[in-house]
$ cat my_file34.cif   # mmCIF, C-alpha atoms and all ligand atoms
data_structure
#
loop_
_atom_site.label_atom_id
_atom_site.label_comp_id
_atom_site.auth_asym_id
_atom_site.auth_seq_id
_atom_site.Cartn_x
_atom_site.Cartn_y
_atom_site.Cartn_z
CA MET N 458 -0.68 -27.87 9.45
CA LYS N 459 -3.65 -25.83 10.65
CA THR N 460 -3.76 -22.03 10.71
CA ARG N 461 -6.30 -19.54 12.01
CA ALA N 462 -7.32 -17.12 9.30
CA ALA N 463 -9.88 -14.48 8.39
CA VAL N 464 -11.33 -15.73 5.12
CA ALA N 465 -13.14 -13.73 2.45
CA PHE N 466 -15.59 -16.39 1.28
CA GLU N 467 -17.50 -13.94 -0.91
CA ALA N 468 -17.29 -10.31 -1.96
CA LYS N 469 -19.13 -7.77 0.22
CA ARG N 470 -19.47 -10.21 3.13
CA PRO N 471 -17.61 -9.86 6.46
CA LEU N 472 -14.49 -12.00 6.83
CA GLU N 473 -14.99 -15.27 8.72
CA ILE N 474 -12.47 -16.55 11.24
CA VAL N 475 -11.88 -20.25 10.57
CA GLU N 476 -9.15 -22.85 10.85
CA LEU N 477 -7.62 -23.61 7.46
CA ASP N 478 -5.35 -26.39 6.28
CA LEU N 479 -1.98 -25.09 5.14
CA GLU N 480 0.51 -27.17 3.17
CA GLY N 481 4.18 -26.67 4.05
CA PRO N 482 6.70 -24.83 1.86
CA LYS N 483 7.73 -26.42 -1.43
CA PRO N 484 11.20 -25.84 -2.95
CA GLY N 485 12.01 -22.12 -3.04
CA GLU N 486 9.26 -21.28 -0.54
CA VAL N 487 9.13 -20.33 3.14
CA LEU N 488 6.59 -20.77 5.92
CA VAL N 489 6.09 -17.54 7.87
CA GLU N 490 4.26 -17.03 11.16
CA ILE N 491 2.57 -13.65 10.73
CA MET N 492 2.82 -11.69 13.98
CA ALA N 493 0.91 -8.58 12.90
CA THR N 494 -0.85 -7.25 9.82
CA GLY N 495 -2.19 -3.86 8.83
CA LEU N 496 -5.51 -3.31 7.03
CA CYS N 497 -4.93 -1.32 3.83
CA HIS N 498 -7.68 0.24 1.72
CA THR N 499 -6.69 -2.13 -1.09
CA ASP N 500 -7.88 -5.08 1.05
CA ALA N 501 -11.23 -3.30 1.47
CA TYR N 502 -11.43 -2.60 -2.25
CA THR N 503 -10.93 -6.27 -3.06
CA LEU N 504 -13.36 -7.39 -0.35
CA ASP N 505 -15.94 -4.95 -1.74
CA GLY N 506 -15.71 -6.70 -5.12
CA LEU N 507 -14.08 -3.72 -6.86
CA ASP N 508 -10.81 -5.42 -7.89
CA SER N 509 -10.79 -6.80 -11.43
CA GLU N 510 -8.36 -9.46 -10.18
CA GLY N 511 -10.35 -10.25 -7.01
CA LEU N 512 -10.82 -13.95 -6.28
CA PHE N 513 -12.99 -15.71 -3.70
CA PRO N 514 -12.70 -17.54 -1.41
CA SER N 515 -9.36 -16.08 -0.45
CA VAL N 516 -7.19 -14.98 2.44
CA LEU N 517 -6.66 -11.24 2.02
CA GLY N 518 -4.01 -9.10 3.74
CA HIS N 519 -0.71 -7.85 2.31
CA GLU N 520 0.79 -5.60 5.01
CA GLY N 521 2.38 -8.01 7.46
CA ALA N 522 5.45 -8.82 9.49
CA GLY N 523 6.45 -12.17 10.96
CA ILE N 524 9.00 -14.87 11.59
CA VAL N 525 10.27 -17.56 9.21
CA ARG N 526 9.37 -20.92 10.74
CA GLU N 527 10.41 -23.37 7.99
CA VAL N 528 12.14 -23.16 4.63
CA GLY N 529 11.71 -25.36 1.56
CA ALA N 530 14.50 -27.04 -0.39
CA GLY N 531 17.01 -24.68 -1.97
CA VAL N 532 16.14 -21.61 0.11
CA THR N 533 19.34 -19.75 1.01
CA SER N 534 18.51 -16.10 1.69
CA VAL N 535 16.47 -16.61 4.89
CA LYS N 536 16.39 -19.21 7.68
CA PRO N 537 14.01 -20.17 10.48
CA GLY N 538 13.91 -17.45 13.12
CA ASP N 539 14.53 -14.56 10.69
CA HIS N 540 12.13 -11.62 10.97
CA VAL N 541 10.58 -10.79 7.63
CA ILE N 542 8.07 -8.63 5.79
CA PRO N 543 6.04 -10.37 3.04
CA LEU N 544 6.33 -8.62 -0.33
CA TYR N 545 3.49 -8.21 -2.78
CA THR N 546 6.14 -6.75 -5.06
CA PRO N 547 8.84 -9.44 -4.96
CA GLU N 548 12.40 -8.96 -6.12
CA CYS N 549 13.92 -11.91 -8.00
CA ARG N 550 16.90 -9.92 -9.29
CA GLN N 551 16.87 -12.06 -12.45
CA CYS N 552 13.82 -11.15 -14.56
CA LYS N 553 13.81 -8.58 -17.37
CA SER N 554 12.16 -6.02 -15.10
CA CYS N 555 14.56 -6.45 -12.17
CA LEU N 556 17.56 -6.37 -14.51
CA SER N 557 16.28 -3.27 -16.31
CA ARG N 558 16.90 -1.15 -13.19
CA LYS N 559 13.99 0.93 -14.53
CA THR N 560 11.21 -0.49 -12.34
CA ASN N 561 10.53 -2.22 -9.05
CA LEU N 562 7.79 -4.32 -10.66
CA CYS N 563 9.44 -7.75 -10.70
CA THR N 564 7.57 -9.89 -13.20
CA SER N 565 8.89 -13.36 -12.35
CA ILE N 566 5.78 -14.56 -10.46
CA ARG N 567 3.20 -11.85 -11.29
CA ALA N 568 1.04 -14.11 -13.46
CA THR N 569 0.39 -16.79 -10.81
CA GLN N 570 0.21 -14.16 -8.04
CA GLY N 571 -2.67 -12.47 -9.90
CA LYS N 572 -4.47 -15.82 -10.06
CA GLY N 573 -4.22 -16.30 -6.30
CA LEU N 574 -1.71 -19.13 -6.65
CA MET N 575 1.87 -19.94 -5.75
CA PRO N 576 4.42 -19.98 -8.60
CA ASP N 577 3.80 -23.72 -9.24
CA GLY N 578 0.16 -22.92 -10.00
CA THR N 579 -1.34 -24.38 -6.80
CA SER N 580 -2.60 -22.97 -3.50
CA ARG N 581 -1.24 -23.93 -0.09
CA PHE N 582 -4.55 -23.03 1.63
CA SER N 583 -7.68 -25.18 1.78
CA TYR N 584 -10.85 -25.41 3.87
CA LYS N 585 -12.77 -28.66 4.19
CA GLY N 586 -11.01 -29.87 1.03
CA ARG N 587 -11.89 -26.75 -1.01
CA THR N 588 -9.12 -24.51 -2.42
CA ILE N 589 -8.75 -21.09 -0.81
CA PHE N 590 -6.84 -18.54 -2.91
CA HIS N 591 -3.78 -16.55 -1.86
CA TYR N 592 -3.95 -12.74 -2.20
CA MET N 593 -1.27 -10.44 -3.63
CA GLY N 594 1.16 -13.28 -2.93
CA CYS N 595 0.94 -12.54 0.82
CA SER N 596 -2.33 -13.53 2.60
CA THR N 597 -1.34 -11.93 5.89
CA PHE N 598 -4.85 -12.35 7.34
CA SER N 599 -3.69 -15.90 8.16
CA ASN N 600 -1.55 -16.57 11.23
CA PHE N 601 0.72 -18.74 9.05
CA THR N 602 1.31 -18.29 5.34
CA VAL N 603 3.60 -19.68 2.66
CA LEU N 604 5.56 -17.27 0.45
CA PRO N 605 8.12 -17.58 -2.33
CA GLU N 606 11.62 -16.86 -1.02
CA ILE N 607 11.85 -13.88 -3.40
CA ALA N 608 8.77 -12.38 -1.73
CA VAL N 609 10.17 -11.92 1.77
CA ALA N 610 12.40 -9.11 2.97
CA LYS N 611 14.60 -9.92 5.96
CA ILE N 612 14.42 -7.11 8.52
CA ARG N 613 16.24 -6.40 11.78
CA ASP N 614 15.12 -8.39 14.85
CA ASP N 615 14.53 -5.39 17.13
CA ALA N 616 11.76 -3.78 15.02
CA PRO N 617 8.34 -4.28 16.69
CA PHE N 618 6.03 -6.36 14.51
CA ASP N 619 2.93 -4.24 15.20
CA THR N 620 4.52 -1.17 13.59
CA ALA N 621 7.01 -2.73 11.14
CA CYS N 622 4.13 -4.48 9.39
CA TYR N 623 3.02 -1.06 8.03
CA VAL N 624 6.29 -0.95 6.02
CA GLY N 625 4.87 -3.92 4.09
CA CYS N 626 2.61 -1.46 2.23
CA GLY N 627 1.50 1.95 3.52
CA VAL N 628 4.74 3.48 4.73
CA THR N 629 6.84 2.30 1.81
CA THR N 630 4.14 3.24 -0.71
CA GLY N 631 3.80 6.80 0.58
CA VAL N 632 7.38 7.63 1.44
CA GLY N 633 8.69 5.74 -1.61
CA ALA N 634 6.37 7.58 -4.03
CA VAL N 635 8.06 10.81 -2.91
CA VAL N 636 11.64 9.55 -2.75
CA ASN N 637 11.78 6.97 -5.56
CA THR N 638 8.99 7.80 -8.02
CA ALA N 639 8.66 11.59 -7.96
CA LYS N 640 12.15 12.29 -6.55
CA VAL N 641 10.81 15.45 -4.90
CA GLU N 642 13.52 18.08 -4.41
CA PRO N 643 14.07 20.25 -1.32
CA GLY N 644 12.05 23.45 -1.53
CA SER N 645 9.29 21.89 -3.65
CA THR N 646 5.58 22.56 -3.37
CA VAL N 647 3.53 19.38 -3.01
CA ILE N 648 -0.21 18.66 -2.95
CA VAL N 649 -1.47 15.40 -1.43
CA PHE N 650 -5.04 14.31 -2.16
CA GLY N 651 -6.41 11.90 0.48
CA LEU N 652 -4.90 11.96 3.96
CA GLY N 653 -5.32 8.32 4.94
CA GLY N 654 -2.80 5.61 5.64
CA ILE N 655 -0.99 6.34 2.35
CA GLY N 656 -1.40 10.11 2.06
CA LEU N 657 0.04 10.79 5.50
CA ASN N 658 3.12 8.83 4.50
CA VAL N 659 3.42 10.94 1.36
CA ILE N 660 3.29 13.96 3.65
CA GLN N 661 6.01 12.65 5.92
CA GLY N 662 8.08 11.68 2.87
CA ALA N 663 7.73 15.24 1.53
CA ARG N 664 8.80 16.63 4.92
CA LEU N 665 11.75 14.22 4.97
CA VAL N 666 13.10 15.46 1.63
CA GLY N 667 12.62 19.12 2.58
CA ALA N 668 9.53 20.18 0.64
CA LYS N 669 8.76 23.81 1.45
CA ARG N 670 5.01 23.72 1.14
CA ILE N 671 2.85 20.62 1.65
CA VAL N 672 -0.85 21.08 0.91
CA GLY N 673 -3.27 18.35 2.04
CA VAL N 674 -6.71 17.86 0.49
CA ASP N 675 -9.39 15.72 2.11
CA LEU N 676 -13.17 15.67 2.37
CA ASN N 677 -12.88 14.60 6.01
CA GLY N 678 -12.10 17.66 8.14
CA ASP N 679 -10.72 15.46 10.92
CA LYS N 680 -7.72 14.79 8.68
CA GLU N 681 -6.42 18.34 9.03
CA GLU N 682 -4.93 17.66 12.44
CA TRP N 683 -3.44 14.41 11.18
CA GLY N 684 -1.81 16.08 8.20
CA ARG N 685 -0.30 18.89 10.27
CA ARG N 686 1.09 16.26 12.69
CA PHE N 687 3.34 14.94 9.86
CA GLY N 688 4.36 18.19 8.17
CA MET N 689 1.39 19.47 6.17
CA THR N 690 1.51 23.27 5.92
CA ASP N 691 -1.94 23.96 4.37
CA PHE N 692 -5.24 22.07 4.42
CA VAL N 693 -8.04 22.29 1.87
CA ASN N 694 -11.42 20.64 2.32
CA PRO N 695 -13.07 20.65 -1.13
CA LYS N 696 -16.45 20.97 0.62
CA ASP N 697 -15.38 24.41 1.84
CA VAL N 698 -14.21 25.66 -1.56
CA ASP N 699 -16.57 27.84 -3.56
CA GLY N 700 -16.10 27.05 -7.23
CA ASP N 701 -13.44 24.98 -8.91
CA ILE N 702 -11.08 23.07 -6.62
CA VAL N 703 -8.30 23.01 -9.26
CA ALA N 704 -8.41 26.81 -9.71
CA HIS N 705 -8.34 27.18 -5.93
CA LEU N 706 -5.27 24.94 -5.58
CA VAL N 707 -3.44 26.56 -8.49
CA SER N 708 -4.01 29.97 -6.94
CA LEU N 709 -2.98 28.74 -3.46
CA THR N 710 0.29 27.34 -4.85
CA GLU N 711 0.99 30.33 -7.09
CA GLY N 712 0.65 28.59 -10.43
CA GLY N 713 0.34 24.95 -9.39
CA ALA N 714 2.36 22.42 -7.47
CA ASP N 715 5.69 20.94 -8.46
CA TYR N 716 4.38 17.53 -7.41
CA THR N 717 0.89 16.18 -6.67
CA PHE N 718 -0.11 12.75 -5.38
CA ASP N 719 -3.47 11.01 -5.62
CA CYS N 720 -4.01 8.84 -2.54
CA THR N 721 -7.79 8.44 -2.91
CA GLY N 722 -8.32 6.00 -5.81
CA ASN N 723 -10.99 8.37 -7.15
CA THR N 724 -10.53 9.02 -10.89
CA THR N 725 -12.06 12.51 -10.68
CA VAL N 726 -9.50 13.38 -8.01
CA MET N 727 -6.71 11.94 -10.18
CA ARG N 728 -7.65 14.44 -12.88
CA GLN N 729 -7.74 17.28 -10.37
CA ALA N 730 -4.31 16.22 -9.13
CA LEU N 731 -2.85 16.35 -12.64
CA GLU N 732 -4.44 19.70 -13.41
CA ALA N 733 -3.27 21.22 -10.12
CA CYS N 734 0.34 20.69 -11.29
CA HIS N 735 2.42 23.61 -12.45
CA ARG N 736 2.40 24.28 -16.20
CA GLY N 737 5.70 23.29 -17.81
CA TRP N 738 7.04 20.91 -15.18
CA GLY N 739 4.50 19.67 -12.62
CA VAL N 740 4.46 15.92 -12.02
CA SER N 741 1.38 14.09 -10.76
CA VAL N 742 1.72 10.62 -9.26
CA VAL N 743 -1.23 8.24 -9.16
CA ILE N 744 -1.02 6.01 -6.09
CA GLY N 745 -4.70 5.33 -5.47
CA VAL N 746 -6.17 2.14 -6.89
CA ALA N 747 -9.38 2.78 -8.81
CA GLU N 748 -12.26 0.37 -8.94
CA ALA N 749 -12.64 -2.01 -11.90
CA GLY N 750 -13.95 -0.27 -15.00
CA LYS N 751 -12.92 3.27 -14.04
CA GLU N 752 -10.73 5.29 -16.41
CA ILE N 753 -8.82 8.56 -16.16
CA SER N 754 -9.08 11.45 -18.61
CA THR N 755 -7.86 14.98 -19.10
CA ARG N 756 -7.41 17.42 -21.98
CA PRO N 757 -4.23 16.38 -23.85
CA PHE N 758 -3.33 20.09 -23.64
CA GLN N 759 -2.53 19.49 -19.95
CA LEU N 760 0.31 17.18 -21.05
CA VAL N 761 1.27 19.23 -24.09
CA THR N 762 1.90 22.08 -21.71
CA GLY N 763 4.36 20.09 -19.70
CA ARG N 764 2.51 18.32 -16.91
CA VAL N 765 3.55 14.70 -16.43
CA TRP N 766 1.26 11.87 -15.29
CA LYS N 767 2.99 9.00 -13.48
CA GLY N 768 2.02 6.02 -11.35
CA SER N 769 3.66 4.38 -8.39
CA ALA N 770 3.29 0.84 -7.03
CA PHE N 771 4.77 0.01 -3.61
CA GLY N 772 6.46 3.40 -3.74
CA GLY N 773 8.82 2.26 -6.47
CA ALA N 774 10.64 0.25 -3.80
CA ARG N 775 12.64 -2.85 -4.65
CA GLY N 776 11.21 -5.21 -2.07
CA ARG N 777 14.14 -7.16 -0.64
CA THR N 778 16.63 -4.32 -1.04
CA ASP N 779 14.65 -1.27 0.09
CA THR N 780 12.15 -2.55 2.68
CA PRO N 781 14.81 -3.32 5.34
CA LYS N 782 16.18 0.21 4.81
CA ILE N 783 12.76 1.77 5.44
CA VAL N 784 12.55 -0.25 8.66
CA ASP N 785 15.97 1.20 9.58
CA TRP N 786 14.70 4.73 8.84
CA TYR N 787 11.84 4.07 11.27
CA MET N 788 14.08 2.57 13.96
CA ASP N 789 16.52 5.47 13.57
CA GLY N 790 13.71 8.04 13.98
CA LYS N 791 13.97 9.36 10.43
CA ILE N 792 10.31 8.57 9.78
CA GLU N 793 7.40 8.01 12.16
CA ILE N 794 5.04 5.06 12.32
CA ASP N 795 3.78 4.71 15.88
CA PRO N 796 1.18 7.55 15.90
CA MET N 797 -0.38 6.28 12.67
CA ILE N 798 -1.27 2.92 14.22
CA THR N 799 -4.56 4.11 15.66
CA HIS N 800 -6.12 0.73 16.47
CA ARG N 801 -4.73 -2.62 17.61
CA LEU N 802 -7.18 -5.49 17.14
CA THR N 803 -7.41 -9.25 17.58
CA LEU N 804 -8.08 -11.37 14.51
CA GLU N 805 -11.66 -11.80 15.77
CA GLN N 806 -12.09 -8.00 15.59
CA ILE N 807 -10.81 -7.67 12.00
CA ASN N 808 -14.19 -6.67 10.54
CA GLU N 809 -14.34 -3.78 13.04
CA GLY N 810 -11.08 -2.59 11.50
CA PHE N 811 -12.75 -2.33 8.09
CA ASP N 812 -15.70 -0.49 9.65
CA LEU N 813 -13.31 2.04 11.22
CA MET N 814 -11.59 2.54 7.84
CA HIS N 815 -14.88 3.16 6.04
CA GLN N 816 -16.01 5.58 8.77
CA GLY N 817 -12.75 7.55 8.42
CA LYS N 818 -11.96 6.90 12.10
CA SER N 819 -8.65 5.06 11.71
CA ILE N 820 -5.37 5.73 9.99
CA ARG N 821 -4.10 2.18 10.34
CA SER N 822 -5.73 -0.68 12.21
CA VAL N 823 -3.32 -3.51 12.92
CA VAL N 824 -4.31 -7.06 13.80
CA ILE N 825 -1.97 -8.68 16.29
CA TYR N 826 -1.98 -12.48 16.31
P1 LIG S 901 -7.66 5.42 3.47
O1 LIG S 901 -9.07 4.98 3.45
O2 LIG S 901 -6.88 5.28 4.74
O3 LIG S 901 -7.53 6.96 3.02
C1 LIG S 901 -8.20 7.51 1.94
C2 LIG S 901 -8.40 9.00 2.24
O4 LIG S 901 -8.89 9.65 1.06
C3 LIG S 901 -9.39 9.28 3.36
O5 LIG S 901 -8.84 10.19 4.29
C4 LIG S 901 -10.59 9.89 2.64
O6 LIG S 901 -11.32 10.79 3.44
C5 LIG S 901 -9.91 10.56 1.45
N1 LIG S 901 -10.78 10.76 0.30
C6 LIG S 901 -11.63 9.88 -0.27
N2 LIG S 901 -12.24 10.43 -1.34
C7 LIG S 901 -11.75 11.69 -1.44
C8 LIG S 901 -12.01 12.77 -2.36
N3 LIG S 901 -12.89 12.63 -3.35
N4 LIG S 901 -11.32 13.92 -2.19
C9 LIG S 901 -10.43 14.05 -1.16
N5 LIG S 901 -10.18 13.07 -0.27
C10 LIG S 901 -10.83 11.92 -0.41
O7 LIG S 901 -6.93 4.59 2.31
P2 LIG S 901 -5.36 4.28 2.16
O8 LIG S 901 -5.05 2.99 2.83
O9 LIG S 901 -4.61 5.49 2.48
O10 LIG S 901 -5.29 4.01 0.57
C11 LIG S 901 -5.46 5.07 -0.34
C12 LIG S 901 -5.46 4.57 -1.76
O11 LIG S 901 -4.17 4.08 -2.12
C13 LIG S 901 -6.42 3.40 -2.01
O12 LIG S 901 -6.98 3.55 -3.30
C14 LIG S 901 -5.49 2.19 -1.99
O13 LIG S 901 -6.03 1.10 -2.69
C15 LIG S 901 -4.28 2.77 -2.67
N6 LIG S 901 -2.98 2.11 -2.44
C16 LIG S 901 -2.12 2.05 -3.50
C17 LIG S 901 -0.87 1.50 -3.34
C18 LIG S 901 0.11 1.46 -4.48
O14 LIG S 901 1.12 0.77 -4.36
N7 LIG S 901 -0.15 2.15 -5.56
C19 LIG S 901 -0.49 1.00 -2.08
C20 LIG S 901 -1.40 1.10 -1.03
C21 LIG S 901 -2.64 1.65 -1.21
N1 LIG S 902 -5.43 -5.73 -9.10
C1 LIG S 902 -5.82 -4.37 -9.44
C2 LIG S 902 -4.72 -3.39 -9.22
C3 LIG S 902 -4.26 -3.34 -7.79
C4 LIG S 902 -3.01 -2.53 -7.70
O1 LIG S 902 -2.75 -1.62 -8.50
N2 LIG S 902 -2.18 -2.86 -6.73
C5 LIG S 902 -0.96 -2.12 -6.46
C6 LIG S 902 -0.65 -2.30 -5.02
S1 LIG S 902 -1.92 -1.71 -3.96
C7 LIG S 902 -1.32 -2.08 -2.43
O2 LIG S 902 -2.16 -1.65 -1.50
C8 LIG S 902 0.22 -2.69 -7.23
O3 LIG S 902 1.31 -2.92 -6.72
N3 LIG S 902 0.04 -2.89 -8.49
C9 LIG S 902 1.04 -3.47 -9.33
C10 LIG S 902 0.70 -4.89 -9.64
O4 LIG S 902 1.46 -5.54 -10.34
O5 LIG S 902 -0.36 -5.36 -9.16
C11 LIG S 902 -6.37 -4.28 -10.84
O6 LIG S 902 -6.83 -3.20 -11.21
O7 LIG S 902 -6.37 -5.31 -11.54
ZN ZN S 903 -1.77 -1.79 0.57
#
$ encode --input "my_file34.cif" --output "structure tokens" --more "lines below"
Ligand code: NAD
Ligand code: AHE
Ligand code: ZN
Amino acid sequence: MKTRAAVAFEAKRPLEIVELDLEGPKPGEVLVEIMATGLCHTDAYTLDGLDSEGLFPSVLGHEGAGIVREVGAGVTSVKPGDHVIPLYTPECRQCKSCLSRKTNLCTSIRATQGKGLMPDGTSRFSYKGRTIFHYMGCSTFSNFTVLPEIAVAKIRDDAPFDTACYVGCGVTTGVGAVVNTAKVEPGSTVIVFGLGGIGLNVIQGARLVGAKRIVGVDLNGDKEEWGRRFGMTDFVNPKDVDGDIVAHLVSLTEGGADYTFDCTGNTTVMRQALEACHRGWGVSVVIGVAEAGKEISTRPFQLVTGRVWKGSAFGGARGRTDTPKIVDWYMDGKIEIDPMITHRLTLEQINEGFDLMHQGKSIRSVVIY
């Protein structure tokens, strides 16, 4: 079949809207009509050539929601008509990682996913006979995409696609990092670095679990209002701080935070986040994705004296099990999504969405097909 898609033909070039050829689902796979997709900073990072796994030409996008239109042989967990969210972190429930109960990072198809291919080692997308790679196993910047059955979460039918799509990455990543990875307790003090599409969800996750103090840090002063909207109690713009930002934050939080979260992808900030943790017990969670070649460092003494450095992918959420629950939390009013969708765009406007992100003018832009 044919599908309209925004294709990344090369790094650092705007996406091009073209009609691609798409092969139907093979055994164990499903064809999904994507109804809406968010633009996450990770898409921008790959498009900018900063991802060590980045492949071109490819169909980016990993924050979508849609409807199953066809299923391949042997598919039993979803059927045509089901509403689903594509999962860049699948859940096979059979691999060593899934069975360990210690991680959400299912490993059953990670190797082919990282090569831009389906589990059988081939791509379903092509353009004028040339292979186009999949991205993060999702490729939601295509109106239709093919996914492994284990990489779709069935969600309720009454959730709007243009907001539920955000659960496919940003919402789950932010809220999940608080609830699943850090397990923030009521009364905690939290510092969130970077108040974008992820950081604001960390803030609302911290509010949800009853954190007492939620400090937001961002270089963009416009983010103060956004942070307060979701529960931030204090805002710090590093540009306004005389001297060392870590010392300032430690003093502000009376010894350091119980939990800190990096939502910037900047390795200098990651270090600040660790060092702004309380001596003896503070936990710092790295969420931001750093560009290829960057490394983190700190004095080992920071860890010797009890601070813990952790990371979180997809908020520690088990895709097929937890994603539908997060959609329920949204539909039940436990968490908010609507105000964070600042821009609704057509596929033709997708490059404007990336411009808005880079200018710090959007929280989430969503493309509606
Ligand atoms: P975004 O562009 O919406 O937000 C980033 C925010 O960080 C902006 O408000 C920006 O002003 C702020 N910022 C940038 N540099 C800063 C600095 N030095 N100090 C303070 N603030 C700074 O991006 P997003 O969509 O929220 O994504 C944030 C990061 O999380 C990206 O690196 C993205 O790749 C990553 N991410 C990780 C996961 C995961 O599973 N681990 C999931 C989604 C996104
Ligand atoms: N490919 C990059 C790393 C990218 C990365 O860390 N991705 C996160 C999700 S970001 C979503 O917006 C993730 O889930 N990582 C776990 C995994 O298995 O990819 C690189 O550096 O090579
Ligand atoms: Zn993302």
$ atom_distance --input "my_file34.cif" --atom1 "CA of His705 in chain N" --atom2 "CA of Trp683 in chain N"
21.9 Å
$ residues_near_ligand --input "my_file34.cif" --ligand "ligand LIG 901 (chain S)" --cutoff "7 Å" --atoms "all atoms listed in the file" --output "MDAnalysis selection string"
chainID N and resid 497:499 502 626:627 630 650:656 674:677 680 720:723 726 744:747 769:772 814:815 817 820:821
$ axis_aligned_box --input "my_file34.cif" --around "range 784-787 of chain N" --padding-each-side "4 Å" --output "lines of an AutoDock Vina configuration file"
center_x = 13.9
center_y = 2.2
center_z = 10.0
size_x = 12.1
size_y = 13.0
size_z = 10.6
$ closest_atom_pairs --input "my_file34.cif" --of "range 773-812 of chain N" --to "range 547-559 of chain N" --cutoff "8 Å" --atoms "all atoms listed in the file" --output "Markdown table"
| residue | atom | partner | partner_atom | distance |
| --- | --- | --- | --- | --- |
| N:Arg775 | CA | N:Glu548 | CA | 6.3 |
| N:Gly776 | CA | N:Pro547 | CA | 5.6 |
| N:Arg777 | CA | N:Glu548 | CA | 6.0 |
$ residues_around --input "my_file34.cif" --residues "Thr597 in chain N" --least-positions-apart "3" --cutoff "9 Å" --atoms "only C-alpha atoms" --output "ChimeraX atom specification"
/N:462,491,493-495,516-522,543,592,600-602
$ closest_residue --input "my_file34.cif" --among "N:Phe582, N:Tyr623, N:Trp766, N:Phe758" --to "ligand ZN 903 (chain S)" --atoms "all atoms listed in the file"
N:Tyr623
$ closest_residue --input "my_file34.cif" --among "N:Asp539, N:Asp615, N:Glu809, N:Glu752" --to "ligand LIG 902 (chain S)" --atoms "all atoms listed in the file"
N:Glu752
$ atom_distance --input "my_file34.cif" --atom1 "CA of Val765 in chain N" --atom2 "CA of Thr717 in chain N"
10.2 Å
$ atom_distance --input "my_file34.cif" --atom1 "CA of Pro576 in chain N" --atom2 "CA of Met593 in chain N"
12.2 Å
$ build_atoms --input "my_file34.cif" --residues "range 595-606 of chain N" --atoms "N, CA and C atoms" --output "compact mmCIF listing (two decimals), keeping the file's coordinate frame"
# COMPACT_ATOMS: atom_id res chain seq x y z
N CYS N 595 0.60 -12.73 -0.61
CA CYS N 595 0.94 -12.54 0.82
C CYS N 595 -0.02 -13.25 1.78
N SER N 596 -1.32 -12.93 1.70
CA SER N 596 -2.33 -13.53 2.60
C SER N 596 -1.96 -13.42 4.07
N THR N 597 -1.78 -12.17 4.50
CA THR N 597 -1.34 -11.93 5.89
C THR N 597 -2.51 -11.96 6.89
N PHE N 598 -3.73 -12.18 6.40
CA PHE N 598 -4.85 -12.35 7.34
C PHE N 598 -4.92 -13.82 7.80
N SER N 599 -3.82 -14.55 7.62
CA SER N 599 -3.69 -15.90 8.16
C SER N 599 -2.50 -15.89 9.11
N ASN N 600 -2.64 -16.57 10.23
CA ASN N 600 -1.55 -16.57 11.23
C ASN N 600 -0.27 -17.19 10.65
N PHE N 601 -0.44 -18.17 9.76
CA PHE N 601 0.72 -18.74 9.05
C PHE N 601 0.43 -18.65 7.56
N THR N 602 1.48 -18.36 6.79
CA THR N 602 1.31 -18.29 5.34
C THR N 602 2.58 -18.80 4.67
N VAL N 603 2.43 -19.21 3.42
CA VAL N 603 3.60 -19.68 2.66
C VAL N 603 3.87 -18.66 1.56
N LEU N 604 5.15 -18.31 1.41
CA LEU N 604 5.56 -17.27 0.45
C LEU N 604 6.76 -17.75 -0.35
N PRO N 605 6.88 -17.29 -1.60
CA PRO N 605 8.12 -17.58 -2.33
C PRO N 605 9.29 -16.87 -1.62
N GLU N 606 10.44 -17.47 -1.65
CA GLU N 606 11.62 -16.86 -1.02
C GLU N 606 11.86 -15.43 -1.52
